[in-house]
Amino acid sequence: MHTRTLGRGTVPVTELSYGAAGIGNLLTEVTEEQAHEAVTAAWDSGIRYFDTAPHYGLGLSERRLGAALCEHPRTAYTLSTKVGRLLRPSDAGDSADDLADGFAVPATHRRVWDFSADGVRRSLESSLERLGLDRADVVYLHDPDDHAEEAFREGYPALEKLRAEGVVGAIGAGMNQTAMLTRFVRDTDVDVVLCAGRYTLLDQSALTDLLPAAREHGTSVVVGGAFNSGLLADPKPGATYNYTAAPRELLDRALALRAVAERHGTTLRAVALAFCAAHPAVASVLVGARSAAEVRDCAEQFSAAVPAALWEELRMEGLLPADAPVPAEEPSSGETPAGQPSVGEPS
């Protein structure tokens, strides 16, 4: 699988990456065996960039991911985790669960927002302990939406210092919005930002501010949420969009997108992944999967050819903006620094 380096640094990521929220029991329980099989399937598919966070299952995702990756040489993969939420022991009863925060795990701990310099270091130390590793390659400030002042004043400088000390290789921020990520790109020296759900076939808001800024500053973008939490994977009544029931107008749009994909002999999943990967600022497309079958399907769809005529029809039907980059017919080859156009990419 092709790789790119993040920003102007040397940290490599594969063009398809694995998001480990699912094996932290996102919404439903996943067994230890299923979690291990999912990570193994990602590895066997050529994925070498893995992302996790303390938030995912109150540390369960980190523990499971670390246990699976310990079977492989540490220099053979890139791992990212996140800071901003400290896990503190909870006094909740034994029967309490964490489903209010989206995870089917016992509420043994509670999350405490902390973007202070000390909080950043303590969070990373705890993550490494759960992962069973001595370093993380990439560290993101996680969802600082309501903590901008502390994140910019203390959290970011702390990450910058960790990078200067060689403790981490690349730093950034991960969010579900574009405005603050664009501020990180313009006002700091982050290597990468992780943008979830804001650059998809249904939502191209990142095309307005974040992606042009990243291109201008040489900052990499990792795109998460390519399927908008499910609607673009399997559009049908009851499908979710950003983890809530999809509005009827978005369901209709997703069904129209799927119809075009099928007319051209491909799948909506393949089109959704190809679209995210096509922008030259995008270093990797991050897919979350809770099972080996889901991982293998994502890898297969990502490698599938999407006919050039499909993109033209999407534009003609008003289902895709005219200024959104689309893939060339022939895939690029080799390693390209993120932020630099690959062969066949728009410049």
# chains A, B, ... in the order shown; residues from 1 in each chain; ligands from 1

call {"tool": "select_by_dssp", "arguments": {"residues": "segment 110-347 of chain A", "states": "helix (DSSP H, G or I)", "output": "PyMOL selection string"}}
result
chain A and resi 117-131+148-164+179-187+205-207+210-217+228-230+248-263+268-278+292-303+308-316

call {"tool": "residues_around", "arguments": {"residues": "segment 133-139 of chain A", "least_positions_apart": "3", "cutoff": "6 Å", "atoms": "only C-alpha atoms", "output": "compact mmCIF listing (two decimals) with N, CA, C and O atoms, in the first residue's frame"}}
result
# COMPACT_ATOMS: atom_id res chain seq x y z
N THR A 78 2.94 2.97 12.06
CA THR A 78 2.76 4.30 12.67
C THR A 78 1.52 4.26 13.54
O THR A 78 0.47 3.76 13.11
N LEU A 79 1.63 4.79 14.75
CA LEU A 79 0.51 4.81 15.68
C LEU A 79 0.24 6.21 16.17
O LEU A 79 1.17 6.95 16.50
N SER A 80 -1.03 6.57 16.20
CA SER A 80 -1.42 7.87 16.78
C SER A 80 -2.41 7.65 17.90
O SER A 80 -3.23 6.73 17.87
N THR A 81 -2.30 8.50 18.92
CA THR A 81 -3.31 8.56 19.97
C THR A 81 -3.60 10.03 20.24
O THR A 81 -3.10 10.90 19.53
N LYS A 82 -4.41 10.29 21.26
CA LYS A 82 -4.91 11.64 21.44
C LYS A 82 -4.84 12.07 22.90
O LYS A 82 -4.78 11.23 23.80
N LEU A 128 0.49 5.44 26.71
CA LEU A 128 1.60 4.54 26.40
C LEU A 128 1.59 3.32 27.31
O LEU A 128 1.90 2.21 26.88
N VAL A 168 7.64 12.44 20.40
CA VAL A 168 6.68 12.10 19.35
C VAL A 168 7.21 12.63 18.02
O VAL A 168 8.01 13.57 17.98
N GLY A 169 6.76 12.02 16.95
CA GLY A 169 7.26 12.41 15.64
C GLY A 169 6.45 13.50 14.95
O GLY A 169 6.99 14.29 14.18
N ALA A 170 5.14 13.51 15.21
CA ALA A 170 4.27 14.49 14.55
C ALA A 170 3.15 14.86 15.51
O ALA A 170 2.74 14.06 16.36
N ILE A 171 2.64 16.08 15.38
CA ILE A 171 1.59 16.57 16.27
C ILE A 171 0.48 17.20 15.46
O ILE A 171 0.67 17.64 14.32

call {"tool": "closest_residue", "arguments": {"among": "A:Leu232, A:Ala173, A:Ala20, A:Ala322", "to": "Gly197 of chain A", "atoms": "only C-alpha atoms"}}
result
A:Leu232

call {"tool": "select_by_dssp", "arguments": {"residues": "segment 174-346 of chain A", "states": "strand (DSSP E)", "output": "PyMOL selection string"}}
result
chain A and resi 174-175+192-196+220-224+240-241+244-245+282-288

call {"tool": "residues_around", "arguments": {"residues": "segment 115-122 of chain A", "least_positions_apart": "6", "cutoff": "8 Å", "atoms": "only C-alpha atoms", "output": "number ranges by chain"}}
result
A: 83-86, 141, 144, 147, 150-151, 154-155, 157-159

call {"tool": "closest_residue", "arguments": {"among": "A:Gly57, A:Ala214, A:Ala270, A:Tyr199", "to": "Asp234 of chain A", "atoms": "only C-alpha atoms"}}
result
A:Ala270

call {"tool": "residues_around", "arguments": {"residues": "Gly24 of chain A", "least_positions_apart": "4", "cutoff": "8 Å", "atoms": "only C-alpha atoms", "output": "list in words"}}
result
Ala20, Val30, Tyr56, Gly57, Leu58, Gly59, Leu60, Ser61, Glu62, Arg64 and Phe103 of chain A

call {"tool": "write_last_selection", "arguments": {"atoms": "all heavy atoms", "output": "PDB file, in the first residue's frame"}}
result
ATOM      1  N   ALA A  20      -9.435   2.757  15.515  1.00  0.00           N
ATOM      2  CA  ALA A  20      -9.710   1.703  16.477  1.00  0.00           C
ATOM      3  C   ALA A  20     -10.830   2.014  17.459  1.00  0.00           C
ATOM      4  O   ALA A  20     -10.937   1.363  18.503  1.00  0.00           O
ATOM      5  CB  ALA A  20      -8.430   1.364  17.243  1.00  0.00           C
ATOM      6  N   VAL A  30     -17.633  -5.691  21.326  1.00  0.00           N
ATOM      7  CA  VAL A  30     -16.764  -6.482  20.452  1.00  0.00           C
ATOM      8  C   VAL A  30     -15.914  -7.356  21.362  1.00  0.00           C
ATOM      9  O   VAL A  30     -15.368  -6.878  22.367  1.00  0.00           O
ATOM     10  CB  VAL A  30     -15.863  -5.567  19.592  1.00  0.00           C
ATOM     11  CG1 VAL A  30     -14.852  -6.393  18.803  1.00  0.00           C
ATOM     12  CG2 VAL A  30     -16.706  -4.716  18.649  1.00  0.00           C
ATOM     13  N   TYR A  56     -11.910   6.243  23.547  1.00  0.00           N
ATOM     14  CA  TYR A  56     -12.557   5.096  22.932  1.00  0.00           C
ATOM     15  C   TYR A  56     -12.621   3.925  23.911  1.00  0.00           C
ATOM     16  O   TYR A  56     -11.656   3.195  24.119  1.00  0.00           O
ATOM     17  CB  TYR A  56     -11.817   4.670  21.661  1.00  0.00           C
ATOM     18  CG  TYR A  56     -11.649   5.768  20.628  1.00  0.00           C
ATOM     19  CD1 TYR A  56     -10.587   5.748  19.725  1.00  0.00           C
ATOM     20  CD2 TYR A  56     -12.552   6.827  20.547  1.00  0.00           C
ATOM     21  CE1 TYR A  56     -10.439   6.737  18.772  1.00  0.00           C
ATOM     22  CE2 TYR A  56     -12.405   7.830  19.599  1.00  0.00           C
ATOM     23  CZ  TYR A  56     -11.343   7.780  18.715  1.00  0.00           C
ATOM     24  OH  TYR A  56     -11.176   8.770  17.772  1.00  0.00           O
ATOM     25  N   GLY A  57     -13.774   3.775  24.514  1.00  0.00           N
ATOM     26  CA  GLY A  57     -13.980   2.672  25.439  1.00  0.00           C
ATOM     27  C   GLY A  57     -13.239   2.822  26.745  1.00  0.00           C
ATOM     28  O   GLY A  57     -12.894   1.824  27.378  1.00  0.00           O
ATOM     29  N   LEU A  58     -13.008   4.086  27.156  1.00  0.00           N
ATOM     30  CA  LEU A  58     -12.306   4.346  28.422  1.00  0.00           C
ATOM     31  C   LEU A  58     -10.972   3.593  28.483  1.00  0.00           C
ATOM     32  O   LEU A  58     -10.622   2.969  29.479  1.00  0.00           O
ATOM     33  CB  LEU A  58     -13.189   3.964  29.613  1.00  0.00           C
ATOM     34  CG  LEU A  58     -14.460   4.805  29.780  1.00  0.00           C
ATOM     35  CD1 LEU A  58     -15.356   4.215  30.860  1.00  0.00           C
ATOM     36  CD2 LEU A  58     -14.096   6.253  30.128  1.00  0.00           C
ATOM     37  N   GLY A  59     -10.232   3.667  27.376  1.00  0.00           N
ATOM     38  CA  GLY A  59      -8.922   3.040  27.308  1.00  0.00           C
ATOM     39  C   GLY A  59      -8.912   1.644  26.720  1.00  0.00           C
ATOM     40  O   GLY A  59      -7.841   1.100  26.420  1.00  0.00           O
ATOM     41  N   LEU A  60     -10.082   1.037  26.532  1.00  0.00           N
ATOM     42  CA  LEU A  60     -10.142  -0.330  26.003  1.00  0.00           C
ATOM     43  C   LEU A  60      -9.540  -0.409  24.600  1.00  0.00           C
ATOM     44  O   LEU A  60      -8.816  -1.364  24.286  1.00  0.00           O
ATOM     45  CB  LEU A  60     -11.594  -0.818  25.975  1.00  0.00           C
ATOM     46  CG  LEU A  60     -11.811  -2.234  25.437  1.00  0.00           C
ATOM     47  CD1 LEU A  60     -11.107  -3.267  26.312  1.00  0.00           C
ATOM     48  CD2 LEU A  60     -13.314  -2.548  25.342  1.00  0.00           C
ATOM     49  N   SER A  61      -9.817   0.569  23.757  1.00  0.00           N
ATOM     50  CA  SER A  61      -9.272   0.570  22.403  1.00  0.00           C
ATOM     51  C   SER A  61      -7.751   0.565  22.430  1.00  0.00           C
ATOM     52  O   SER A  61      -7.100  -0.181  21.692  1.00  0.00           O
ATOM     53  CB  SER A  61      -9.785   1.787  21.635  1.00  0.00           C
ATOM     54  OG  SER A  61      -9.120   1.925  20.397  1.00  0.00           O
ATOM     55  N   GLU A  62      -7.162   1.407  23.284  1.00  0.00           N
ATOM     56  CA  GLU A  62      -5.702   1.462  23.357  1.00  0.00           C
ATOM     57  C   GLU A  62      -5.140   0.122  23.813  1.00  0.00           C
ATOM     58  O   GLU A  62      -4.147  -0.373  23.256  1.00  0.00           O
ATOM     59  CB  GLU A  62      -5.266   2.579  24.303  1.00  0.00           C
ATOM     60  CG  GLU A  62      -5.528   3.974  23.740  1.00  0.00           C
ATOM     61  CD  GLU A  62      -5.061   5.073  24.664  1.00  0.00           C
ATOM     62  OE1 GLU A  62      -5.290   4.956  25.895  1.00  0.00           O
ATOM     63  OE2 GLU A  62      -4.483   6.058  24.178  1.00  0.00           O
ATOM     64  N   ARG A  64      -6.441  -2.903  23.569  1.00  0.00           N
ATOM     65  CA  ARG A  64      -6.605  -3.936  22.549  1.00  0.00           C
ATOM     66  C   ARG A  64      -5.687  -3.706  21.347  1.00  0.00           C
ATOM     67  O   ARG A  64      -5.104  -4.652  20.805  1.00  0.00           O
ATOM     68  CB  ARG A  64      -8.068  -3.990  22.099  1.00  0.00           C
ATOM     69  CG  ARG A  64      -8.983  -4.643  23.135  1.00  0.00           C
ATOM     70  CD  ARG A  64     -10.441  -4.601  22.709  1.00  0.00           C
ATOM     71  NE  ARG A  64     -11.244  -5.544  23.485  1.00  0.00           N
ATOM     72  CZ  ARG A  64     -12.558  -5.671  23.356  1.00  0.00           C
ATOM     73  NH1 ARG A  64     -13.232  -4.911  22.484  1.00  0.00           N
ATOM     74  NH2 ARG A  64     -13.225  -6.552  24.086  1.00  0.00           N
ATOM     75  N   PHE A 103     -20.049   4.151  24.321  1.00  0.00           N
ATOM     76  CA  PHE A 103     -19.259   2.925  24.366  1.00  0.00           C
ATOM     77  C   PHE A 103     -19.877   1.900  25.312  1.00  0.00           C
ATOM     78  O   PHE A 103     -20.261   2.225  26.437  1.00  0.00           O
ATOM     79  CB  PHE A 103     -17.821   3.240  24.781  1.00  0.00           C
ATOM     80  CG  PHE A 103     -17.105   4.084  23.762  1.00  0.00           C
ATOM     81  CD1 PHE A 103     -17.130   5.473  23.842  1.00  0.00           C
ATOM     82  CD2 PHE A 103     -16.443   3.497  22.695  1.00  0.00           C
ATOM     83  CE1 PHE A 103     -16.504   6.256  22.885  1.00  0.00           C
ATOM     84  CE2 PHE A 103     -15.816   4.269  21.735  1.00  0.00           C
ATOM     85  CZ  PHE A 103     -15.843   5.656  21.825  1.00  0.00           C
TER      86      PHE A 103
END

call {"tool": "atom_distance", "arguments": {"atom1": "atom CA of Thr178 of chain A", "atom2": "atom CA of Gly288 of chain A"}}
result
20.1 Å

call {"tool": "atom_distance", "arguments": {"atom1": "atom CA of Val295 of chain A", "atom2": "atom CA of Leu211 of chain A"}}
result
26.7 Å

call {"tool": "atom_distance", "arguments": {"atom1": "atom CA of Met1 of chain A", "atom2": "atom CA of Ile47 of chain A"}}
result
7.0 Å

call {"tool": "decode", "arguments": {"residues": "segment 229-340 of chain A", "atoms": "C-alpha atoms", "output": "short mmCIF file (atom, residue, chain, number, x, y, z; two decimals), in the first residue's frame"}}
result
data_model
loop_
_atom_site.label_atom_id
_atom_site.label_comp_id
_atom_site.auth_asym_id
_atom_site.auth_seq_id
_atom_site.Cartn_x
_atom_site.Cartn_y
_atom_site.Cartn_z
CA SER A 229 -21.02 6.87 10.43
CA GLY A 230 -22.92 4.52 8.16
CA LEU A 231 -25.20 6.30 5.72
CA LEU A 232 -22.70 6.13 2.85
CA ALA A 233 -21.84 2.51 3.63
CA ASP A 234 -25.42 1.25 3.36
CA PRO A 235 -28.09 3.89 2.70
CA LYS A 236 -31.48 2.68 3.88
CA PRO A 237 -34.20 3.79 6.30
CA GLY A 238 -32.77 3.78 9.79
CA ALA A 239 -29.18 4.37 8.65
CA THR A 240 -27.15 6.76 10.75
CA TYR A 241 -25.53 10.03 9.75
CA ASN A 242 -22.97 11.34 12.24
CA TYR A 243 -24.23 8.73 14.75
CA THR A 244 -27.87 9.87 14.70
CA ALA A 245 -30.78 8.91 12.46
CA ALA A 246 -30.18 10.25 8.97
CA PRO A 247 -32.55 13.02 7.82
CA ARG A 248 -34.74 12.04 4.89
CA GLU A 249 -33.08 14.50 2.49
CA LEU A 250 -29.64 13.08 3.18
CA LEU A 251 -30.92 9.52 2.82
CA ASP A 252 -32.39 10.45 -0.56
CA ARG A 253 -29.08 12.00 -1.61
CA ALA A 254 -27.16 8.91 -0.52
CA LEU A 255 -29.56 6.69 -2.46
CA ALA A 256 -29.04 8.86 -5.55
CA LEU A 257 -25.26 8.56 -5.12
CA ARG A 258 -25.56 4.79 -4.83
CA ALA A 259 -27.67 4.59 -7.98
CA VAL A 260 -24.98 6.40 -9.96
CA ALA A 261 -22.29 4.13 -8.53
CA GLU A 262 -24.23 1.01 -9.49
CA ARG A 263 -24.85 2.32 -13.01
CA HIS A 264 -21.08 2.49 -13.40
CA GLY A 265 -20.49 -0.99 -12.02
CA THR A 266 -19.03 -0.01 -8.68
CA THR A 267 -20.19 0.52 -5.10
CA LEU A 268 -21.03 3.61 -3.09
CA ARG A 269 -18.41 2.55 -0.54
CA ALA A 270 -15.69 2.54 -3.17
CA VAL A 271 -16.78 5.95 -4.45
CA ALA A 272 -16.93 7.41 -0.95
CA LEU A 273 -13.38 6.29 -0.11
CA ALA A 274 -11.96 7.34 -3.48
CA PHE A 275 -13.47 10.79 -3.15
CA CYS A 276 -11.88 11.40 0.25
CA ALA A 277 -8.47 10.23 -0.94
CA ALA A 278 -8.44 12.34 -4.10
CA HIS A 279 -7.71 15.74 -2.55
CA PRO A 280 -3.94 16.42 -2.69
CA ALA A 281 -3.83 17.64 0.92
CA VAL A 282 -5.17 14.31 2.18
CA ALA A 283 -2.47 11.97 3.43
CA SER A 284 -4.68 9.11 4.57
CA VAL A 285 -8.30 8.02 4.79
CA LEU A 286 -9.09 6.66 8.25
CA VAL A 287 -11.71 3.91 8.38
CA GLY A 288 -13.20 2.52 11.56
CA ALA A 289 -14.04 -1.19 11.61
CA ARG A 290 -15.02 -3.57 14.37
CA SER A 291 -14.53 -6.86 12.51
CA ALA A 292 -12.07 -8.50 10.16
CA ALA A 293 -14.77 -8.69 7.47
CA GLU A 294 -15.37 -4.93 7.65
CA VAL A 295 -11.64 -4.24 7.42
CA ARG A 296 -11.20 -6.47 4.41
CA ASP A 297 -14.20 -4.90 2.70
CA CYS A 298 -12.82 -1.40 3.26
CA ALA A 299 -9.44 -2.39 1.84
CA GLU A 300 -11.08 -4.02 -1.17
CA GLN A 301 -13.32 -1.02 -1.82
CA PHE A 302 -10.41 1.39 -1.40
CA SER A 303 -8.39 -0.42 -4.07
CA ALA A 304 -11.29 -0.69 -6.52
CA ALA A 305 -11.14 1.34 -9.70
CA VAL A 306 -13.82 4.03 -10.04
CA PRO A 307 -14.64 4.98 -13.66
CA ALA A 308 -13.88 8.57 -14.59
CA ALA A 309 -17.32 8.83 -16.19
CA LEU A 310 -18.92 8.36 -12.78
CA TRP A 311 -17.45 11.60 -11.46
CA GLU A 312 -18.73 13.47 -14.48
CA GLU A 313 -22.23 12.12 -13.95
CA LEU A 314 -22.16 13.07 -10.26
CA ARG A 315 -21.29 16.62 -11.25
CA MET A 316 -23.94 16.75 -13.95
CA GLU A 317 -26.55 15.49 -11.48
CA GLY A 318 -25.56 18.14 -8.93
CA LEU A 319 -24.35 15.47 -6.51
CA LEU A 320 -20.76 16.70 -6.45
CA PRO A 321 -19.29 20.24 -6.51
CA ALA A 322 -17.46 21.17 -9.67
CA ASP A 323 -14.37 22.25 -7.72
CA ALA A 324 -13.97 19.03 -5.71
CA PRO A 325 -10.88 17.06 -6.84
CA VAL A 326 -11.56 13.57 -8.12
CA PRO A 327 -9.18 10.68 -8.77
CA ALA A 328 -7.38 10.18 -12.04
CA GLU A 329 -8.20 7.02 -13.96
CA GLU A 330 -4.75 5.60 -13.24
CA PRO A 331 -3.63 5.32 -9.60
CA SER A 332 -0.39 6.99 -8.55
CA SER A 333 2.59 4.94 -7.47
CA GLY A 334 5.34 5.20 -4.91
CA GLU A 335 5.62 7.43 -1.89
CA THR A 336 4.60 11.06 -2.04
CA PRO A 337 4.87 13.63 0.74
CA ALA A 338 1.41 14.62 1.90
CA GLY A 339 0.49 18.05 0.62
CA GLN A 340 2.32 17.36 -2.65
#
